[in-house]
$ cat work.cif   # mmCIF, C-alpha atoms
data_entry
#
loop_
_atom_site.label_atom_id
_atom_site.label_comp_id
_atom_site.auth_asym_id
_atom_site.auth_seq_id
_atom_site.Cartn_x
_atom_site.Cartn_y
_atom_site.Cartn_z
CA MET B 1 -2.42 25.31 23.91
CA SER B 2 0.01 28.18 23.41
CA ALA B 3 2.86 27.89 20.90
CA SER B 4 5.50 27.83 23.67
CA ALA B 5 3.75 24.95 25.43
CA LYS B 6 3.60 22.82 22.30
CA PRO B 7 5.90 19.79 22.07
CA ILE B 8 9.12 20.35 20.11
CA ALA B 9 7.90 18.04 17.33
CA ASN B 10 5.25 20.61 16.45
CA THR B 11 7.43 23.71 16.52
CA ARG B 12 10.95 22.81 15.34
CA SER B 13 11.68 22.77 11.63
CA GLY B 14 15.44 22.23 11.26
CA THR B 15 15.14 20.50 7.89
CA GLY B 16 12.60 22.91 6.44
CA ILE B 17 9.90 20.35 7.19
CA PRO B 18 8.00 20.46 10.51
CA THR B 19 9.42 17.64 12.65
CA VAL B 20 6.01 16.04 13.07
CA ARG B 21 5.76 15.61 9.29
CA LEU B 22 9.40 14.58 9.03
CA ILE B 23 8.70 11.73 11.47
CA THR B 24 5.76 10.64 9.34
CA TRP B 25 7.97 10.46 6.23
CA TRP B 26 10.52 8.36 8.16
CA VAL B 27 7.76 5.99 9.25
CA ILE B 28 6.62 5.72 5.63
CA ALA B 29 10.22 5.10 4.48
CA SER B 30 10.57 2.23 6.96
CA GLU B 31 7.18 0.87 5.92
CA ILE B 32 8.35 0.88 2.29
CA VAL B 33 11.16 -1.48 3.30
CA ILE B 34 8.80 -3.73 5.28
CA PHE B 35 6.08 -4.01 2.62
CA GLY B 36 8.54 -3.75 -0.27
CA GLY B 37 10.59 -6.64 1.11
CA LEU B 38 7.50 -8.80 1.55
CA LEU B 39 6.12 -7.92 -1.89
CA ALA B 40 9.49 -8.54 -3.58
CA THR B 41 9.75 -11.92 -1.83
CA TYR B 42 6.23 -12.80 -2.93
CA VAL B 43 6.93 -11.78 -6.55
CA MET B 44 10.11 -13.87 -6.80
CA HIS B 45 8.37 -16.91 -5.31
CA ARG B 46 5.35 -16.40 -7.52
CA LEU B 47 7.55 -16.30 -10.62
CA GLY B 48 9.36 -19.40 -9.42
CA HIS B 49 6.13 -21.28 -8.73
CA PRO B 50 3.89 -21.23 -11.83
CA GLU B 51 1.60 -23.72 -10.09
CA TRP B 52 0.50 -20.98 -7.64
CA THR B 53 -1.73 -19.67 -10.45
CA GLU B 54 -4.28 -22.31 -9.56
CA ALA B 55 -4.36 -21.24 -5.91
CA ALA B 56 -4.59 -17.55 -6.91
CA SER B 57 -7.66 -18.28 -9.05
CA HIS B 58 -9.65 -18.91 -5.84
CA THR B 59 -9.32 -15.30 -4.59
CA ASN B 60 -12.40 -13.13 -5.01
CA THR B 61 -11.56 -10.40 -7.55
CA TRP B 62 -14.83 -8.55 -6.95
CA ALA B 63 -14.23 -8.33 -3.19
CA GLY B 64 -10.70 -7.06 -3.86
CA ALA B 65 -11.96 -4.51 -6.40
CA PHE B 66 -14.68 -3.29 -4.01
CA ASN B 67 -12.11 -2.90 -1.24
CA THR B 68 -9.85 -0.93 -3.61
CA PHE B 69 -12.78 1.39 -4.33
CA VAL B 70 -13.41 1.78 -0.58
CA LEU B 71 -9.77 2.62 0.17
CA LEU B 72 -9.55 5.10 -2.73
CA THR B 73 -12.69 6.81 -1.43
CA SER B 74 -11.35 6.87 2.13
CA SER B 75 -8.14 8.45 0.79
CA LEU B 76 -10.29 11.16 -0.79
CA CYS B 77 -11.88 11.80 2.62
CA ALA B 78 -8.42 11.95 4.26
CA VAL B 79 -7.14 14.54 1.80
CA LEU B 80 -10.36 16.57 2.16
CA ALA B 81 -9.71 16.51 5.92
CA HIS B 82 -6.24 17.94 5.24
CA GLN B 83 -7.80 20.65 3.07
CA ALA B 84 -10.28 21.52 5.86
CA ALA B 85 -7.46 21.60 8.43
CA ASP B 86 -5.51 23.99 6.20
CA ALA B 87 -8.59 26.23 6.23
CA HIS B 88 -8.59 26.02 10.08
CA ASP B 89 -11.95 24.22 9.95
CA GLY B 90 -11.29 21.62 12.65
CA PRO B 91 -14.86 20.25 12.94
CA LYS B 92 -15.02 19.61 9.16
CA ALA B 93 -11.58 17.97 9.24
CA ALA B 94 -12.77 15.74 12.10
CA LYS B 95 -15.90 14.81 10.15
CA MET B 96 -13.81 13.85 7.11
CA LEU B 97 -11.42 11.83 9.27
CA ARG B 98 -14.35 9.91 10.76
CA LEU B 99 -15.61 9.18 7.24
CA THR B 100 -12.13 7.87 6.46
CA VAL B 101 -12.38 5.60 9.52
CA LEU B 102 -15.75 4.38 8.23
CA GLY B 103 -14.00 3.44 4.97
CA GLY B 104 -11.41 1.49 6.95
CA LEU B 105 -14.18 -0.27 8.86
CA ILE B 106 -15.96 -1.29 5.63
CA PHE B 107 -12.62 -2.50 4.22
CA LEU B 108 -11.93 -4.71 7.25
CA THR B 109 -15.51 -6.03 7.31
CA VAL B 110 -15.29 -7.09 3.65
CA LYS B 111 -11.89 -8.65 4.37
CA GLY B 112 -13.41 -10.54 7.31
CA PHE B 113 -16.18 -12.01 5.12
CA GLU B 114 -13.66 -12.84 2.41
CA TRP B 115 -11.32 -14.63 4.77
CA THR B 116 -14.22 -16.52 6.39
CA ALA B 117 -15.25 -17.79 2.93
CA ASP B 118 -11.64 -18.73 2.11
CA ILE B 119 -11.23 -20.63 5.38
CA HIS B 120 -14.55 -22.46 4.89
CA GLU B 121 -13.28 -23.56 1.47
CA GLY B 122 -10.24 -25.02 3.20
CA PHE B 123 -7.71 -22.37 2.26
CA VAL B 124 -5.80 -21.56 5.43
CA LEU B 125 -2.36 -20.13 6.20
CA SER B 126 -0.76 -23.57 5.91
CA SER B 127 -2.53 -24.59 2.68
CA GLY B 128 0.49 -23.70 0.54
CA GLY B 129 2.98 -21.04 -0.36
CA PHE B 130 0.47 -18.77 -2.07
CA TRP B 131 -1.92 -18.83 0.86
CA SER B 132 0.90 -18.15 3.32
CA PHE B 133 1.78 -14.99 1.41
CA TYR B 134 -1.90 -14.11 0.89
CA TYR B 135 -2.72 -14.14 4.61
CA THR B 136 0.59 -12.56 5.66
CA LEU B 137 0.45 -9.68 3.17
CA ALA B 138 -3.27 -8.96 3.54
CA GLY B 139 -3.10 -9.49 7.32
CA LEU B 140 -0.18 -7.11 7.83
CA HIS B 141 -1.93 -4.57 5.62
CA GLY B 142 -5.15 -5.03 7.62
CA LEU B 143 -3.26 -4.35 10.86
CA HIS B 144 -1.98 -1.09 9.35
CA VAL B 145 -5.55 -0.14 8.40
CA LEU B 146 -6.68 -0.86 11.98
CA ALA B 147 -3.79 1.18 13.47
CA GLY B 148 -4.58 4.08 11.12
CA MET B 149 -8.23 4.01 12.15
CA ILE B 150 -7.39 4.17 15.87
CA ILE B 151 -4.90 7.04 15.44
CA MET B 152 -7.35 8.86 13.15
CA LEU B 153 -10.09 8.76 15.80
CA ILE B 154 -7.67 10.27 18.34
CA VAL B 155 -6.63 13.00 15.87
CA ALA B 156 -10.30 13.65 15.01
CA ALA B 157 -11.17 14.11 18.70
CA ASP B 158 -8.60 16.94 18.94
CA ALA B 159 -9.51 18.37 15.53
CA THR B 160 -13.15 18.76 16.61
CA LYS B 161 -11.88 21.28 19.19
CA ASN B 162 -9.63 22.92 16.56
CA GLN B 163 -6.56 21.54 18.34
CA GLU B 164 -3.40 19.95 16.88
CA LEU B 165 -4.60 20.37 13.30
CA GLN B 166 -1.07 19.69 11.95
CA ARG B 167 -1.67 16.02 12.82
CA VAL B 168 -4.49 15.79 10.28
CA GLU B 169 -2.05 16.00 7.37
CA CYS B 170 0.33 13.47 8.95
CA ILE B 171 -2.27 10.77 9.58
CA GLY B 172 -3.50 11.47 6.03
CA LEU B 173 0.00 10.80 4.64
CA TYR B 174 0.09 7.47 6.48
CA TRP B 175 -3.37 6.55 5.20
CA HIS B 176 -2.47 7.34 1.58
CA PHE B 177 0.60 5.12 1.93
CA VAL B 178 -1.59 2.26 3.20
CA ASP B 179 -3.81 2.92 0.18
CA ILE B 180 -0.80 2.69 -2.20
CA VAL B 181 0.24 -0.63 -0.64
CA TRP B 182 -3.24 -1.99 -1.37
CA ILE B 183 -3.09 -0.62 -4.93
CA PHE B 184 -0.20 -3.08 -5.49
CA LEU B 185 -1.62 -5.92 -3.39
CA PHE B 186 -4.83 -5.95 -5.41
CA PRO B 187 -3.26 -6.93 -8.78
CA LEU B 188 -0.69 -9.21 -7.14
CA LEU B 189 -3.19 -11.25 -5.12
CA TYR B 190 -6.44 -10.89 -7.08
CA ILE B 191 -5.68 -10.22 -10.76
CA ALA B 192 -2.40 -11.96 -11.67
CA ARG B 193 -3.51 -15.51 -12.41
CA MET Z 1 -2.13 25.49 11.50
CA THR Z 2 -1.16 22.42 9.57
CA THR Z 3 2.09 23.25 7.82
CA GLU Z 4 4.60 26.01 7.40
CA ALA Z 5 3.18 26.74 3.96
CA HIS Z 6 -0.30 25.92 2.77
CA VAL Z 7 -0.39 23.65 -0.24
CA HIS Z 8 -2.43 24.39 -3.30
CA HIS Z 9 -5.35 21.98 -3.18
CA PRO Z 10 -6.40 20.67 -6.59
CA ASN Z 11 -9.86 19.28 -7.36
CA TYR Z 12 -9.57 16.08 -5.33
CA VAL Z 13 -12.93 14.68 -6.39
CA LYS Z 14 -11.79 14.81 -10.04
CA ILE Z 15 -8.59 12.93 -9.16
CA TRP Z 16 -10.62 10.35 -7.21
CA ALA Z 17 -12.89 9.89 -10.26
CA VAL Z 18 -9.81 9.22 -12.44
CA LEU Z 19 -8.57 6.68 -9.87
CA VAL Z 20 -11.93 4.88 -9.87
CA LEU Z 21 -11.92 4.86 -13.68
CA LEU Z 22 -8.45 3.29 -13.63
CA LEU Z 23 -9.71 0.69 -11.16
CA ILE Z 24 -12.51 -0.22 -13.60
CA VAL Z 25 -9.92 -0.47 -16.41
CA SER Z 26 -7.78 -2.84 -14.35
CA VAL Z 27 -10.75 -5.09 -13.47
CA VAL Z 28 -12.07 -5.18 -17.06
CA GLY Z 29 -8.54 -5.68 -18.44
CA SER Z 30 -7.97 -8.61 -16.08
CA MET Z 31 -10.83 -10.49 -17.80
CA SER Z 32 -8.86 -10.55 -21.05
CA HIS Z 33 -7.27 -13.80 -22.18
CA ILE Z 34 -4.27 -11.95 -23.63
CA ARG Z 35 -1.46 -12.13 -21.08
CA ASP Z 36 0.10 -8.76 -21.98
CA VAL Z 37 -3.25 -6.98 -21.64
CA VAL Z 38 -3.77 -8.52 -18.19
CA LEU Z 39 -0.27 -7.51 -17.07
CA ILE Z 40 -0.66 -3.92 -18.30
CA ALA Z 41 -4.15 -3.70 -16.79
CA ALA Z 42 -2.90 -5.05 -13.49
CA PHE Z 43 0.54 -3.54 -12.95
CA GLY Z 44 0.69 -0.66 -15.44
CA VAL Z 45 -2.54 0.78 -14.07
CA ALA Z 46 -1.38 0.15 -10.47
CA LEU Z 47 1.75 2.22 -11.12
CA VAL Z 48 -0.33 5.09 -12.54
CA LYS Z 49 -2.75 4.94 -9.60
CA ALA Z 50 0.11 4.94 -7.07
CA TYR Z 51 1.68 7.93 -8.86
CA LEU Z 52 -1.60 9.87 -8.79
CA VAL Z 53 -2.11 9.20 -5.07
CA ALA Z 54 1.51 10.11 -4.19
CA LYS Z 55 1.47 13.28 -6.29
CA ASN Z 56 -1.99 14.64 -5.60
CA PHE Z 57 -2.99 13.25 -2.20
CA MET Z 58 0.45 13.06 -0.53
CA HIS Z 59 1.72 16.18 -2.36
CA ILE Z 60 5.10 14.55 -2.79
CA ASN Z 61 5.85 16.75 -5.81
CA ILE Z 62 5.92 19.89 -3.64
CA GLU Z 63 7.64 18.29 -0.64
CA LYS Z 64 11.31 19.08 0.08
CA ARG Z 65 13.44 17.37 -2.55
CA TRP Z 66 15.18 14.96 -0.21
CA VAL Z 67 11.89 13.33 0.86
CA PRO Z 68 11.37 11.67 -2.55
CA TYR Z 69 15.12 10.86 -2.53
CA LEU Z 70 14.67 9.10 0.83
CA LEU Z 71 11.70 7.08 -0.45
CA ILE Z 72 13.47 6.20 -3.73
CA THR Z 73 16.53 5.03 -1.75
CA CYS Z 74 14.28 2.64 0.20
CA LEU Z 75 12.85 1.34 -3.08
CA LEU Z 76 16.39 0.82 -4.38
CA PHE Z 77 17.15 -1.34 -1.34
CA ILE Z 78 14.18 -3.50 -2.31
CA ALA Z 79 15.51 -3.76 -5.87
CA ILE Z 80 18.91 -4.87 -4.48
CA LEU Z 81 17.16 -7.44 -2.27
CA PHE Z 82 15.26 -8.76 -5.28
CA ALA Z 83 18.35 -8.90 -7.51
CA GLY Z 84 20.34 -10.66 -4.81
CA VAL Z 85 17.81 -13.26 -3.73
CA ALA Z 86 15.61 -13.89 -6.78
CA PRO Z 87 18.09 -16.05 -8.72
CA ASP Z 88 18.31 -18.46 -5.81
CA VAL Z 89 14.54 -18.69 -5.57
CA MET Z 90 13.71 -18.74 -9.27
CA LYS Z 91 16.57 -20.77 -10.79
CA HIS Z 92 18.35 -24.02 -10.10
CA SER Z 93 21.71 -22.99 -11.52
CA GLY Z 94 23.68 -20.02 -12.82
CA GLU Z 95 27.08 -19.04 -14.24
CA ASN Z 96 29.19 -20.54 -11.46
CA TRP Z 97 26.70 -22.07 -9.11
CA SER Z 98 24.03 -24.72 -8.87
CA LYS Z 99 21.46 -25.50 -6.22
CA PHE Z 100 22.41 -28.84 -4.70
CA PRO Z 101 19.00 -29.72 -3.19
CA ALA Z 102 17.41 -29.09 -6.61
CA LYS Z 103 19.56 -31.86 -8.09
CA GLN Z 104 18.08 -34.25 -5.57
CA GLY Z 105 14.56 -33.07 -6.29
CA ALA Z 106 14.12 -31.55 -2.84
CA VAL Z 107 13.36 -28.10 -4.26
CA THR Z 108 10.26 -27.56 -6.36
CA SER Z 109 10.68 -23.86 -7.22
CA GLY Z 110 12.41 -22.61 -10.35
CA GLY Z 111 10.78 -25.11 -12.68
CA PRO Z 112 12.09 -28.57 -13.60
CA ALA Z 113 15.80 -29.25 -13.27
CA THR Z 114 17.77 -29.35 -16.54
CA LYS Z 115 20.39 -31.87 -17.62
CA ASN Z 116 23.24 -29.55 -16.64
CA GLU Z 117 21.96 -29.45 -13.10
#
$ encode --input "work.cif" --output "structure tokens"
Amino acid sequence: MSASAKPIANTRSGTGIPTVRLITWWVIASEIVIFGGLLATYVMHRLGHPEWTEAASHTNTWAGAFNTFVLLTSSLCAVLAHQAADAHDGPKAAKMLRLTVLGGLIFLTVKGFEWTADIHEGFVLSSGGFWSFYYTLAGLHGLHVLAGMIIMLIVAADATKNQELQRVECIGLYWHFVDIVWIFLFPLLYIAR
Amino acid sequence: MTTEAHVHHPNYVKIWAVLVLLLIVSVVGSMSHIRDVVLIAAFGVALVKAYLVAKNFMHINIEKRWVPYLLITCLLFIAILFAGVAPDVMKHSGENWSKFPAKQGAVTSGGPATKNE
């Protein structure tokens, strides 16, 4: 695609930041308010309900820690994809993005097993305040992981052909943000007891 | 081309190794029976990890200055939300207010009601 045929989001840079990246930062800013609001609400309720400690002791710390490791590793793959895209190596960037997607898939699979075990033990969304927050926070985060994976596969398909490489950095930014959200969810839901 | 200016790429594998090390510290620290150690291991380490990811993976330190300002503004809104709502959730009474349902025992949050309530 020639530069003149590219959409305006890829060519205009009124703020000194390419518009495509600017949009990504705005998305992240709005996500901060969404997740931040939920996390702040959870923290104030948790502090107001000392009895939730008992419910929190049923979460599987090892599963949470393993998933943190998986997301950190997938973030590494995402930033290596950005590095490859900067070097105009589209196929390598695509490979790294697909590895990132694999990380997301492992994360969701572990989450699926974890939730199945929780539900079998009788801990469902309506089991109490802690479990409501647990499923809402982890569920919303899981949906963001899933959305990131889908977008990443689309970006990877173009990157393989050395097309639209500027998108590699943007989907990476989103993925790192999702990683940061989990970095805070892990201690809040799995460690603080 | 990805951006208007190529960023300097540090050794990402080394940063990832530090992040994994911090994860191990937080898991080991959480096994402690000392409350302060658990809190530092959980939330202190989380803050450091988030900083490392934002700085090195998201390159926020070399982004245009107003991008971090935008993100910090959003975080401030969350702080305002917390400051405004938390007292109502965590306490039964304050300087010039008291939670009426708490007096009747209809609210369980905020610990047991005191005599003044």
$ residues_near_point --input "work.cif" --point "(-11.1, -9.5, -14.7)" --cutoff "10 Å" --atoms "all atoms listed in the file" --output "PyMOL selection string"
(chain B and resi 61-62+65+190-193) or (chain Z and resi 24-33+38+41-42)
$ closest_residue --input "work.cif" --among "B:Ala40, B:Leu189, B:Ile151, B:Val101" --to "Z:Ile80" --atoms "all atoms listed in the file"
B:Ala40
$ atom_distance --input "work.cif" --atom1 "atom CA of B:Arg21" --atom2 "atom CA of B:Cys170"
5.8 Å
$ closest_residue --input "work.cif" --among "B:Leu76, B:Leu38, B:Ile23, B:Thr59" --to "Z:Val18" --atoms "all atoms listed in the file"
B:Leu76
$ closest_residue --input "work.cif" --among "B:Ile150, B:Ile32, B:Leu72, B:Ala138" --to "Z:Leu22" --atoms "all atoms listed in the file"
B:Leu72
$ atom_distance --input "work.cif" --atom1 "atom CA of B:Ser126" --atom2 "atom CA of B:Ala55"
12.6 Å
$ residues_near_point --input "work.cif" --point "(-8.9, 26.2, 7.9)" --cutoff "12 Å" --atoms "only C-alpha atoms" --output "list in words"
Leu80, Ala81, His82, Gln83, Ala84, Ala85, Asp86, Ala87, His88, Asp89, Gly90, Pro91, Lys92, Ala93, Ala94, Ala159, Asn162, Gln163, Leu165, Gln166 and Val168 of chain B; Met1, Thr2, Thr3 and His6 of chain Z
$ atom_distance --input "work.cif" --atom1 "atom CA of B:Tyr135" --atom2 "atom CA of Z:Val53"
25.3 Å
